[in-house]
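Written below as structure tokens is the structure these notes are about.
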Amino acid sequence: MYIMEVRNKLFELYQNLTPVALPQWLSPVIEDKNSCIKSYVWRTETLRRVRLCELHIRGKFVAESLVIYPDFQYNAPVFGTEYVKCGNVKYFGTIDFHPLEGSKEYSDKYIQKYLGDQKDRVKDKSKIYDLDTYFSKKLWIKTDRQDFYDEYIDKLDLYLRRYQECTKKCERSPAHIFQKGYDHHLSYTDPAYGIIKSYYTKQFARKYIDGFLFDLAQ
């Protein structure tokens, strides 16, 4: 069994997480002899939704996906990260403060202020994501044929700690419409749909994407 550490890291840094009920149609664990998908949601006083998915297809695929949304009264970025292992041949990791506005003022206030010492992303194009929409210049993204999970967890620790600082100091400014745009965009670009569809059903994959992973997409 591939060890998954994102949930442990989340609990290490956020000790005030309150569980939130899943949709009635979704069980916390869906498992058979070849696959397992675990779904979690929490909240805090300032974070309206902390969503984690762990997916394991035996011998073929492992993925962890975490997204953190600030409460609607705050215009802070959405925190997003995932790590994907395809067999033993391809590894992919990404972490970002997803900006909810494209202005320089927003970037300076919510991204540069907390991640200014991190290198700007080198990639301008991605086969999966539209990097010009809802992705910052501080997006950490890496693909390799060697497992770099330890490096990923170290970088996740840094970004999560900076995100804590950001959400503690962010200003009140309603952001409902921006979060909805983010969810709608990611629900149709996230590769999870194709993966889940391949191992479950097309109907379940669409429902899981729109009703759980990105619940404002509907």
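Just remember, in the structure tokens the first chain shown is A, the second B, etc., residues are 1-based per chain, and ligands are 1-based in the order shown.
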Among the residues of region 42-149 of chain A, find those DSSP assigns to alpha helix (DSSP H) from the backbone and print them as a list in words.
->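 Taking region 42-149 of chain A and keeping alpha helix (DSSP H) only, one gets Lys104, Glu105, Tyr106, Ser107, Lys113, Tyr114, Leu115 and Tyr149 of chain A.
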Considering only C-alpha atoms, return as a list in words whatever protein or nucleic-acid residues lie within 8 Å of region 58-66 of chain A, sequence-local ones (same chain, fewer than 4 positions apart) excluded.
-> Tyr2, Met4, Val6, Asn34, Ser35, Val50, Arg51, Leu52, Cys53, Glu54, Phe79, Gly80, Thr81, Glu82, Tyr83, Val84, Lys85, Cys86 and Gly87 of chain A
If you keep C-alpha atoms, can you produce a file of those selected residues as a PDB file, in the first residue's frame?
ATOM      1  CA  TYR A   2       1.373   3.379  -1.022  1.00  0.00           C
ATOM      2  CA  MET A   4      -0.397   8.838   1.801  1.00  0.00           C
ATOM      3  CA  VAL A   6      -1.311  14.717   2.943  1.00  0.00           C
ATOM      4  CA  ASN A  34      -8.934  -3.504  -6.813  1.00  0.00           C
ATOM      5  CA  SER A  35      -9.720   0.063  -5.821  1.00  0.00           C
ATOM      6  CA  VAL A  50     -11.386  21.682   3.285  1.00  0.00           C
ATOM      7  CA  ARG A  51     -11.821  18.810   0.843  1.00  0.00           C
ATOM      8  CA  LEU A  52      -9.547  15.787   0.498  1.00  0.00           C
ATOM      9  CA  CYS A  53      -9.751  12.812  -1.861  1.00  0.00           C
ATOM     10  CA  GLU A  54      -7.507   9.743  -1.685  1.00  0.00           C
ATOM     11  CA  PHE A  79      -5.399  26.458  -1.916  1.00  0.00           C
ATOM     12  CA  GLY A  80      -5.037  23.480  -4.230  1.00  0.00           C
ATOM     13  CA  THR A  81      -2.650  20.555  -4.379  1.00  0.00           C
ATOM     14  CA  GLU A  82      -2.415  17.030  -5.740  1.00  0.00           C
ATOM     15  CA  TYR A  83       0.110  14.262  -6.120  1.00  0.00           C
ATOM     16  CA  VAL A  84      -0.362  11.494  -8.670  1.00  0.00           C
ATOM     17  CA  LYS A  85       1.517   8.224  -9.140  1.00  0.00           C
ATOM     18  CA  CYS A  86       0.878   6.291 -12.354  1.00  0.00           C
ATOM     19  CA  GLY A  87       2.275   2.796 -11.863  1.00  0.00           C
TER      20      GLY A  87
END
May I have the residues within 12 Å of Lys168 (chain A) as a JSON list (two decimals) with N, CA and C atoms, in the first residue's frame, using only C-alpha atoms and disregarding those fewer than 6 positions away in the same chain?
[["chain", "number", "residue", "atom", "x", "y", "z"],
["A", 44, "THR", "N", -13.41, 25.20, 9.23],
["A", 44, "THR", "CA", -12.98, 25.93, 10.42],
["A", 44, "THR", "C", -13.77, 27.24, 10.46],
["A", 45, "GLU", "N", -13.43, 28.11, 11.40],
["A", 45, "GLU", "CA", -14.14, 29.38, 11.49],
["A", 45, "GLU", "C", -13.92, 30.27, 10.27],
["A", 46, "THR", "N", -12.78, 30.14, 9.63],
["A", 46, "THR", "CA", -12.46, 31.01, 8.48],
["A", 46, "THR", "C", -12.40, 30.25, 7.15],
["A", 47, "LEU", "N", -12.42, 28.92, 7.21],
["A", 47, "LEU", "CA", -12.37, 28.10, 5.99],
["A", 47, "LEU", "C", -13.71, 27.39, 5.84],
["A", 70, "PRO", "N", -11.47, 29.45, 1.42],
["A", 70, "PRO", "CA", -11.78, 30.37, 2.52],
["A", 70, "PRO", "C", -13.28, 30.60, 2.60],
["A", 71, "ASP", "N", -13.75, 31.08, 3.74],
["A", 71, "ASP", "CA", -15.15, 31.43, 3.88],
["A", 71, "ASP", "C", -15.52, 32.47, 2.83],
["A", 74, "TYR", "N", -14.32, 36.18, 2.66],
["A", 74, "TYR", "CA", -12.92, 36.53, 2.44],
["A", 74, "TYR", "C", -12.54, 36.30, 0.98],
["A", 75, "ASN", "N", -11.71, 37.19, 0.46],
["A", 75, "ASN", "CA", -11.29, 37.11, -0.94],
["A", 75, "ASN", "C", -9.90, 36.48, -1.09],
["A", 76, "ALA", "N", -9.51, 35.66, -0.11],
["A", 76, "ALA", "CA", -8.21, 34.98, -0.18],
["A", 76, "ALA", "C", -8.22, 33.94, -1.29],
["A", 110, "TYR", "N", -2.09, 38.89, -2.05],
["A", 110, "TYR", "CA", -2.40, 37.55, -1.57],
["A", 110, "TYR", "C", -1.43, 36.46, -2.01],
["A", 114, "TYR", "N", 3.18, 36.35, 0.28],
["A", 114, "TYR", "CA", 3.42, 35.12, 1.04],
["A", 114, "TYR", "C", 4.33, 34.13, 0.33],
["A", 161, "ARG", "N", 1.79, 26.30, 5.35],
["A", 161, "ARG", "CA", 2.08, 27.25, 6.43],
["A", 161, "ARG", "C", 1.91, 28.69, 5.95],
["A", 162, "ARG", "N", 2.33, 28.97, 4.73],
["A", 162, "ARG", "CA", 2.15, 30.31, 4.18],
["A", 162, "ARG", "C", 0.66, 30.61, 3.96]]
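Of the listed residues (A:Asp124, A:Asp183, A:Asp190, A:Glu151), A:Asp183 comes nearest to Gln218 (chain A); the distances count only C-alpha atoms.
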